[in-house]
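Note: the block below is final07.cif and it holds mmCIF, C-alpha atoms and all ligand atoms.
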```
data_run
loop_
_atom_site.label_atom_id
_atom_site.label_comp_id
_atom_site.auth_asym_id
_atom_site.auth_seq_id
_atom_site.Cartn_x
_atom_site.Cartn_y
_atom_site.Cartn_z
CA MET A 82 0.00 0.00 0.00
CA LEU A 83 1.34 3.36 -1.07
CA GLU A 84 0.30 6.35 0.98
CA ARG A 85 -1.79 8.78 -1.05
CA LEU A 86 -0.32 12.27 -1.37
CA GLU A 87 -3.40 14.35 -2.05
CA LEU A 88 -2.45 17.65 -3.62
CA PHE A 89 -5.96 18.91 -2.89
CA PRO A 90 -8.78 16.91 -1.30
CA GLN A 91 -9.75 14.11 -3.73
CA VAL A 92 -7.02 15.11 -6.17
CA ILE A 93 -3.70 13.33 -6.73
CA GLU A 94 -1.17 14.32 -9.36
CA ILE A 95 0.97 11.40 -10.37
CA ASN A 96 4.34 13.19 -10.81
CA HIS A 97 3.80 14.84 -7.40
CA GLN A 98 2.81 11.50 -5.90
CA ALA A 99 5.94 9.81 -7.31
CA ARG A 100 8.13 12.84 -6.49
CA ARG A 101 9.68 12.65 -9.93
CA ARG A 102 8.78 13.76 -13.42
CA PHE A 103 7.19 11.22 -15.75
CA GLY A 104 5.99 13.63 -18.42
CA CYS A 105 2.82 15.69 -18.57
CA SER A 106 0.72 16.16 -15.46
CA VAL A 107 -1.60 13.23 -14.76
CA TYR A 108 -4.45 14.09 -12.42
CA LEU A 109 -6.37 11.43 -10.57
CA VAL A 110 -9.69 12.64 -9.16
CA PHE A 111 -11.56 10.27 -6.88
CA HIS A 112 -14.63 9.89 -4.76
CA LYS A 113 -14.82 6.81 -2.55
CA SER A 114 -13.64 4.01 -4.81
CA ASP A 115 -14.48 5.66 -8.15
CA TRP A 116 -11.82 7.63 -9.96
CA LEU A 117 -10.80 9.18 -13.26
CA LEU A 118 -7.59 10.32 -14.89
CA ILE A 119 -7.03 13.54 -16.80
CA ASP A 120 -4.34 12.75 -19.40
CA ILE A 121 -1.83 9.90 -19.05
CA GLY A 122 1.27 10.92 -21.02
CA TYR A 123 3.34 8.64 -23.21
CA GLU A 124 2.73 4.92 -23.45
CA ASP A 125 6.06 3.87 -21.94
CA THR A 126 5.11 5.18 -18.49
CA VAL A 127 1.55 3.80 -18.37
CA ASP A 128 2.28 0.45 -16.70
CA GLU A 129 4.27 2.11 -13.95
CA ILE A 130 1.63 4.79 -13.37
CA ILE A 131 -1.18 2.27 -13.18
CA GLU A 132 0.81 0.05 -10.84
CA MET A 133 1.27 3.08 -8.56
CA ILE A 134 -2.46 3.72 -8.68
CA ARG A 135 -3.14 0.07 -7.80
CA GLN A 136 -0.72 0.33 -4.89
CA MET A 137 -2.60 3.41 -3.69
CA ASP A 138 -5.54 1.06 -3.37
CA PHE A 139 -7.72 2.38 -6.16
CA PRO A 140 -9.59 -0.57 -7.71
CA LEU A 141 -8.60 -0.71 -11.37
CA GLY A 142 -12.13 -1.75 -12.30
CA ASN A 143 -13.45 1.50 -10.83
CA CYS A 144 -11.70 3.88 -13.19
CA ARG A 145 -14.69 5.54 -14.84
CA TYR A 146 -13.03 7.93 -17.27
CA LEU A 147 -9.77 8.52 -19.09
CA VAL A 148 -10.06 12.17 -20.00
CA ALA A 149 -8.08 13.78 -22.82
CA SER A 150 -7.45 17.48 -22.12
CA HIS A 151 -6.70 17.59 -25.87
CA ALA A 152 -5.37 15.22 -28.52
CA ASP A 153 -1.63 15.99 -28.35
CA VAL A 154 0.44 12.84 -28.34
CA ASP A 155 2.39 13.80 -25.19
CA HIS A 156 -0.90 13.80 -23.28
CA ILE A 157 -2.78 10.87 -24.75
CA GLN A 158 -0.45 8.38 -26.43
CA GLY A 159 -0.77 6.10 -23.38
CA PHE A 160 -4.56 5.84 -23.51
CA HIS A 161 -4.44 2.83 -25.85
CA ARG A 162 -2.41 0.88 -23.29
CA ALA A 163 -4.37 2.33 -20.37
CA LYS A 164 -7.63 1.05 -21.89
CA GLN A 165 -6.19 -2.46 -21.85
CA LEU A 166 -5.46 -2.17 -18.12
CA LEU A 167 -8.64 -0.22 -17.27
CA PRO A 168 -11.33 -1.81 -19.43
CA ASN A 169 -14.24 -0.16 -17.58
CA ALA A 170 -12.97 3.34 -18.25
CA GLN A 171 -14.48 5.43 -21.03
CA VAL A 172 -12.14 7.66 -23.00
CA VAL A 173 -13.48 11.23 -22.90
CA GLY A 174 -12.60 14.27 -25.01
CA HIS A 175 -13.85 17.15 -27.11
CA PRO A 176 -15.41 16.28 -30.51
CA GLU A 177 -12.47 18.05 -32.25
CA ALA A 178 -10.01 15.82 -30.41
CA ALA A 179 -12.16 12.79 -31.21
CA GLN A 180 -12.02 13.60 -34.92
CA LEU A 181 -8.23 14.06 -34.92
CA LEU A 182 -7.76 10.70 -33.23
CA LYS A 183 -10.32 9.01 -35.48
CA ASP A 184 -8.42 10.32 -38.50
CA ASN A 185 -5.08 9.38 -36.88
CA ASP A 186 -4.02 12.95 -37.71
CA ARG A 187 -0.30 12.77 -37.03
CA LEU A 188 0.41 16.44 -37.74
CA MET A 189 -2.26 18.05 -35.56
CA THR A 190 -1.45 15.70 -32.66
CA TYR A 191 2.33 16.35 -32.92
CA ALA A 192 3.06 12.67 -33.54
CA GLU A 193 4.84 13.86 -36.67
CA ILE A 194 6.92 17.02 -37.11
CA PRO A 195 8.66 16.23 -40.41
CA ALA A 196 10.87 19.35 -40.39
CA GLN A 197 12.40 18.22 -37.11
CA ASN A 198 12.51 14.48 -37.88
CA ILE A 199 10.04 13.83 -35.08
CA SER A 200 7.94 10.75 -35.71
CA ILE A 201 6.40 8.78 -32.90
CA ASP A 202 3.64 6.21 -32.62
CA LEU A 203 0.04 7.28 -32.31
CA PRO A 204 -1.82 4.06 -31.46
CA GLU A 205 -5.55 3.78 -32.08
CA ILE A 206 -7.49 5.78 -29.51
CA ILE A 207 -11.25 6.08 -29.72
CA ILE A 208 -12.97 8.86 -27.80
CA GLU A 209 -16.09 7.10 -26.59
CA LYS A 210 -17.68 9.99 -24.76
CA LYS A 211 -17.56 13.38 -26.40
CA VAL A 212 -17.95 16.37 -24.12
CA LYS A 213 -18.38 20.04 -24.81
CA GLU A 214 -18.78 23.34 -22.99
CA GLY A 215 -21.19 23.06 -20.07
CA ASP A 216 -21.20 19.26 -19.79
CA VAL A 217 -20.55 17.72 -16.40
CA LEU A 218 -18.42 14.67 -15.64
CA GLU A 219 -19.49 12.97 -12.43
CA ILE A 220 -17.21 10.90 -10.30
CA GLY A 221 -19.12 9.65 -7.29
CA GLU A 222 -20.56 12.84 -5.81
CA LEU A 223 -17.96 15.10 -7.44
CA LYS A 224 -18.87 17.13 -10.47
CA LEU A 225 -16.32 18.32 -12.99
CA GLU A 226 -17.65 21.11 -15.16
CA VAL A 227 -16.36 21.01 -18.73
CA TRP A 228 -14.93 24.26 -20.15
CA HIS A 229 -14.10 24.52 -23.83
CA THR A 230 -10.98 26.71 -23.92
CA PRO A 231 -9.67 26.82 -27.50
CA GLY A 232 -6.47 28.65 -28.42
CA HIS A 233 -3.56 26.21 -28.16
CA THR A 234 -5.72 23.88 -30.24
CA HIS A 235 -9.42 23.82 -31.19
CA GLY A 236 -10.25 20.89 -28.91
CA GLN A 237 -8.58 22.12 -25.72
CA LEU A 238 -10.64 21.46 -22.61
CA ALA A 239 -10.37 22.57 -19.01
CA PHE A 240 -12.31 21.14 -16.07
CA ARG A 241 -13.56 22.97 -13.04
CA LEU A 242 -13.95 21.22 -9.72
CA GLY A 243 -15.03 23.67 -7.03
CA ASP A 244 -12.31 26.31 -6.88
CA LEU A 245 -9.84 24.19 -8.84
CA LEU A 246 -9.40 24.41 -12.59
CA PHE A 247 -7.64 21.62 -14.44
CA SER A 248 -6.40 24.11 -16.96
CA GLY A 249 -4.74 21.99 -19.65
CA ASP A 250 -2.23 23.78 -21.86
CA ASN A 251 -3.85 27.20 -21.42
CA LEU A 252 -1.31 28.60 -18.97
CA PHE A 253 1.71 27.48 -16.98
CA ARG A 254 3.24 28.79 -13.76
CA ASP A 255 5.89 30.86 -15.54
CA GLY A 256 3.25 32.67 -17.60
CA CYS A 257 3.99 30.64 -20.73
CA VAL A 258 1.11 29.19 -22.74
CA GLY A 259 0.73 26.04 -24.83
CA ASN A 260 2.58 26.20 -28.14
CA ILE A 261 1.13 28.65 -30.68
CA ASP A 262 1.40 26.95 -34.05
CA ALA A 263 -0.67 27.36 -37.20
CA HIS A 264 -0.22 23.68 -38.08
CA HIS A 265 -1.79 22.81 -34.75
CA GLY A 266 -4.89 24.91 -35.24
CA SER A 267 -3.76 27.53 -32.72
CA ASN A 268 -5.82 30.69 -32.69
CA ILE A 269 -4.55 33.70 -30.78
CA PRO A 270 -7.88 35.61 -30.45
CA ASP A 271 -9.49 32.40 -29.10
CA PHE A 272 -6.54 31.95 -26.77
CA ILE A 273 -7.01 35.47 -25.39
CA ARG A 274 -10.72 34.77 -24.82
CA SER A 275 -9.91 31.54 -22.97
CA LEU A 276 -7.30 33.26 -20.79
CA THR A 277 -9.67 36.16 -20.10
CA ARG A 278 -12.31 33.69 -18.97
CA ILE A 279 -9.82 32.03 -16.63
CA ARG A 280 -8.63 35.43 -15.35
CA ASP A 281 -12.18 36.56 -14.58
CA SER A 282 -13.39 33.30 -13.08
CA ASP A 283 -13.54 32.73 -9.35
CA VAL A 284 -11.30 29.65 -9.43
CA ALA A 285 -8.48 29.88 -6.91
CA TRP A 286 -6.03 27.28 -8.22
CA LEU A 287 -4.84 26.30 -11.66
CA LEU A 288 -3.77 22.71 -12.23
CA PRO A 289 -1.98 22.78 -15.58
CA SER A 290 -1.08 19.88 -17.85
CA HIS A 291 2.64 20.67 -17.56
CA GLY A 292 4.56 21.81 -14.51
CA PRO A 293 3.46 22.55 -10.97
CA VAL A 294 0.03 23.73 -9.86
CA PHE A 295 -0.18 27.40 -8.91
CA ARG A 296 -2.50 29.92 -7.38
CA LYS A 297 -4.49 31.92 -9.91
CA ASP A 298 -3.05 35.42 -10.14
CA LYS A 299 -4.99 37.98 -12.17
CA GLU A 300 -1.96 40.20 -12.74
CA MET A 301 0.14 37.35 -14.02
CA ILE A 302 -2.63 36.24 -16.40
CA GLN A 303 -3.03 39.83 -17.57
CA LYS A 304 0.66 39.96 -18.49
CA THR A 305 0.21 36.82 -20.56
CA ILE A 306 -2.91 38.25 -22.22
CA ASP A 307 -1.04 41.46 -23.02
CA ARG A 308 1.79 39.44 -24.56
CA LEU A 309 -0.61 37.44 -26.72
CA THR A 310 -2.44 40.62 -27.67
CA GLY A 311 0.88 41.89 -29.01
CA TYR A 312 1.48 38.63 -30.86
CA GLN A 313 -1.66 39.27 -32.88
CA HIS A 314 0.12 42.10 -34.66
CA MET A 315 3.59 40.61 -35.04
CA ALA A 316 5.09 38.90 -38.08
CA ASP A 317 6.86 36.54 -35.65
CA PHE A 318 3.61 34.60 -35.42
CA GLY A 319 3.07 34.27 -39.16
CA THR A 320 -0.43 33.25 -40.12
CA CYS A 321 -1.43 33.12 -36.44
CA ALA A 322 -1.14 36.92 -36.33
CA VAL A 323 -4.29 38.79 -37.37
CA ASP A 324 -2.49 41.67 -39.05
CA TRP A 325 0.90 43.33 -39.47
CA PRO A 326 0.65 47.11 -38.98
CA LEU A 327 4.08 47.70 -40.53
CA LEU A 328 2.69 46.86 -43.96
CA ASP A 329 -0.10 49.40 -43.55
CA ASP A 330 2.45 52.02 -42.54
CA TRP A 331 4.59 51.09 -45.53
CA GLU A 332 1.67 51.39 -47.87
CA ASP A 333 0.82 54.86 -46.50
CA GLU A 334 4.44 55.93 -46.84
CA LEU A 335 4.66 54.61 -50.40
CA VAL A 336 1.51 56.45 -51.40
CA ALA A 337 2.71 59.63 -49.70
CA GLY A 338 6.10 59.33 -51.39
CA ILE A 339 8.03 59.37 -48.12
CA ASP A 340 11.73 58.59 -48.28
CA PRO A 341 12.17 55.62 -45.84
CA LYS A 342 15.60 56.97 -44.86
CA SER A 343 13.87 60.02 -43.42
CA VAL A 344 11.66 58.01 -41.06
CA THR A 345 12.83 57.75 -37.47
CA ILE A 346 11.83 54.53 -35.72
ZN ZN B 1 0.83 19.86 -23.85
#
```

Written as C-alpha cells, that's how I'd like the structure from this file.
Ligand SMILES: [Zn+2]
Amino acid sequence: MLERLELFPQVIEINHQARRRFGCSVYLVFHKSDWLLIDIGYEDTVDEIIEMIRQMDFPLGNCRYLVASHADVDHIQGFHRAKQLLPNAQVVGHPEAAQLLKDNDRLMTYAEIPAQNISIDLPEIIIEKKVKEGDVLEIGELKLEVWHTPGHTHGQLAFRLGDLLFSGDNLFRDGCVGNIDAHHGSNIPDFIRSLTRIRDSDVAWLLPSHGPVFRKDKEMIQKTIDRLTGYQHMADFGTCAVDWPLLDDWEDELVAGIDPKSVTI
C-alpha cells in the first residue's frame, strides 16, 4: 500500500505522488472508490503509473473515465495501453479531439513534425464519450464542469472542480502558454478569450497539464494576455497573427512618397 499524497482533497497528481517527473501532469480525481484520470502521457510510463495507482488502493475496475485534455500525443499516447489495463474506463474528449484521433491525424497531434525528424507512434485511440462546454463529468458525488478553452488547439478542454481548474495547456506557472502553431490549429484571439475567462473566473487554483500547480493570479494572467495581444500584430507569429501594422504604414508611406531613410523609428 502506497500512501496517497493528495495535492488537494480528492485530487492526486501522479508526478507529485511519485516525487519525480514522468511527463505531462496526470491528475487522478476520486470519490470513494471511483476515480478518473485527466491525461496519461506517453505509453512507456503507463504500466508504472497504473501500478502506482493500484498500490494506492484504487480498484482498477473503478476507473470511470480517461479524460483527454486535448489530442496531443504527449498527453494521450498512453490511452491505448491504459484502456487495456482499465477496461471499464471510457475515453473522454472534445469532438475536435475525437475527430483528430479518429483520423489518426499525425500532424495536428504532434506525432509527426517532419521538419524536425520527429515521428512517434500514435496508437488507435477512440474517444467514446464526447464532451463540450457546459457538460458535467461525475465521479461519485464530485462534479467536474467542462470548459471549452480553444487557443492552443481547437479541442482544448479545461475542467472545473469547485475552486480548482484543471487548466490543460492554457497557462503554466511561468506565464507561458501552450505552443502557438498554425499547423496545430492555434488561434490567438481564441486563446485570449480563454485566458480572459480564466482570469475573470472565481477559481483559486490552476492545475496545468505541464509543470506545478499554482495559485491563480490575475496580474500574471493579464501579463500573458497582453503578450498574446501583441502577438496578434507581429510577423513573428506568421499566419497566427491577425495583421501586421508595418505593412499598412509602408503602404501609406509609399503612397505619400516618403523617403524611408527620413523616417525615425
Ligand atoms: Zn501539452

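Across A:Ile130, A:Ile93, A:Met189, A:Ala152, the tightest approach to ligand ZN 1 (chain B) is made by A:Ala152 when counting all atoms listed in the file.
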
Mind running range 170-289 of chain A against range 110-115 of chain A at 7 Å and telling me each contacting residue's nearest atom pair with the distance in Å (one decimal), counting all atoms listed in the file, chain and number ascending, as a tab-separated table?
```
residue	atom	partner	partner_atom	distance
A:Ile220	CA	A:His112	CA	6.2
A:Gly221	CA	A:His112	CA	5.2
A:Glu222	CA	A:His112	CA	6.7
A:Leu223	CA	A:His112	CA	6.7
```

Environment of ligand ZN 1 (chain B) within 8 Å, counting only C-alpha atoms and all ligand atoms, reported as number ranges by chain: A: 105, 153, 155-156, 249-250, 259-260, 290-291

Which is closest to Asp317 in chain A among A:Leu182, A:Gly338, A:Ile261, A:Arg278, if we use only C-alpha atoms? A:Ile261

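Across the model, the gap from CA of Ile306 in chain A to CA of Leu218 in chain A is 29.0 Å.
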
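Restricting the calculation to all atoms listed in the file, the smallest distance between Arg85 in chain A and any of A:Phe272, A:Phe139, A:Trp331, A:Tyr146 is found for A:Phe139.
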
Leu242 in chain A surroundings by all atoms listed in the file, 7 Å radius, close-in-sequence under 5 positions cut, as a VMD selection string: chain A and resid 224 to 226

Spatial neighbours of Asp125 in chain A, max dist 10 Å, all atoms listed in the file, sep filter under 5 positions, as a PyMOL selection string: chain A and resi 103+130+158-159+162

For Gly215 in chain A, please output as a ChimeraX atom specification all residues within 9 Å (counting only C-alpha atoms; exclusion window: fewer than 3 positions along the same chain). /A:212,226-229

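By only C-alpha atoms, and with residues fewer than 5 positions from Leu203 in chain A along its chain excluded, the set lying at most 10 Å from it is Tyr123, Glu124, Asp153, Val154, Asp155, Ile157, Gln158, Gly159, His161, Leu182, Asn185, Asp186, Arg187, Thr190, Tyr191, Ala192 and Glu193 of chain A.
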
Could you list as a ChimeraX atom specification every residue that has an atom within 9 Å of (-9.3, 33.3, -7.8), using the file's coordinates and counting all atoms listed in the file? /A:244,279-286,296-299
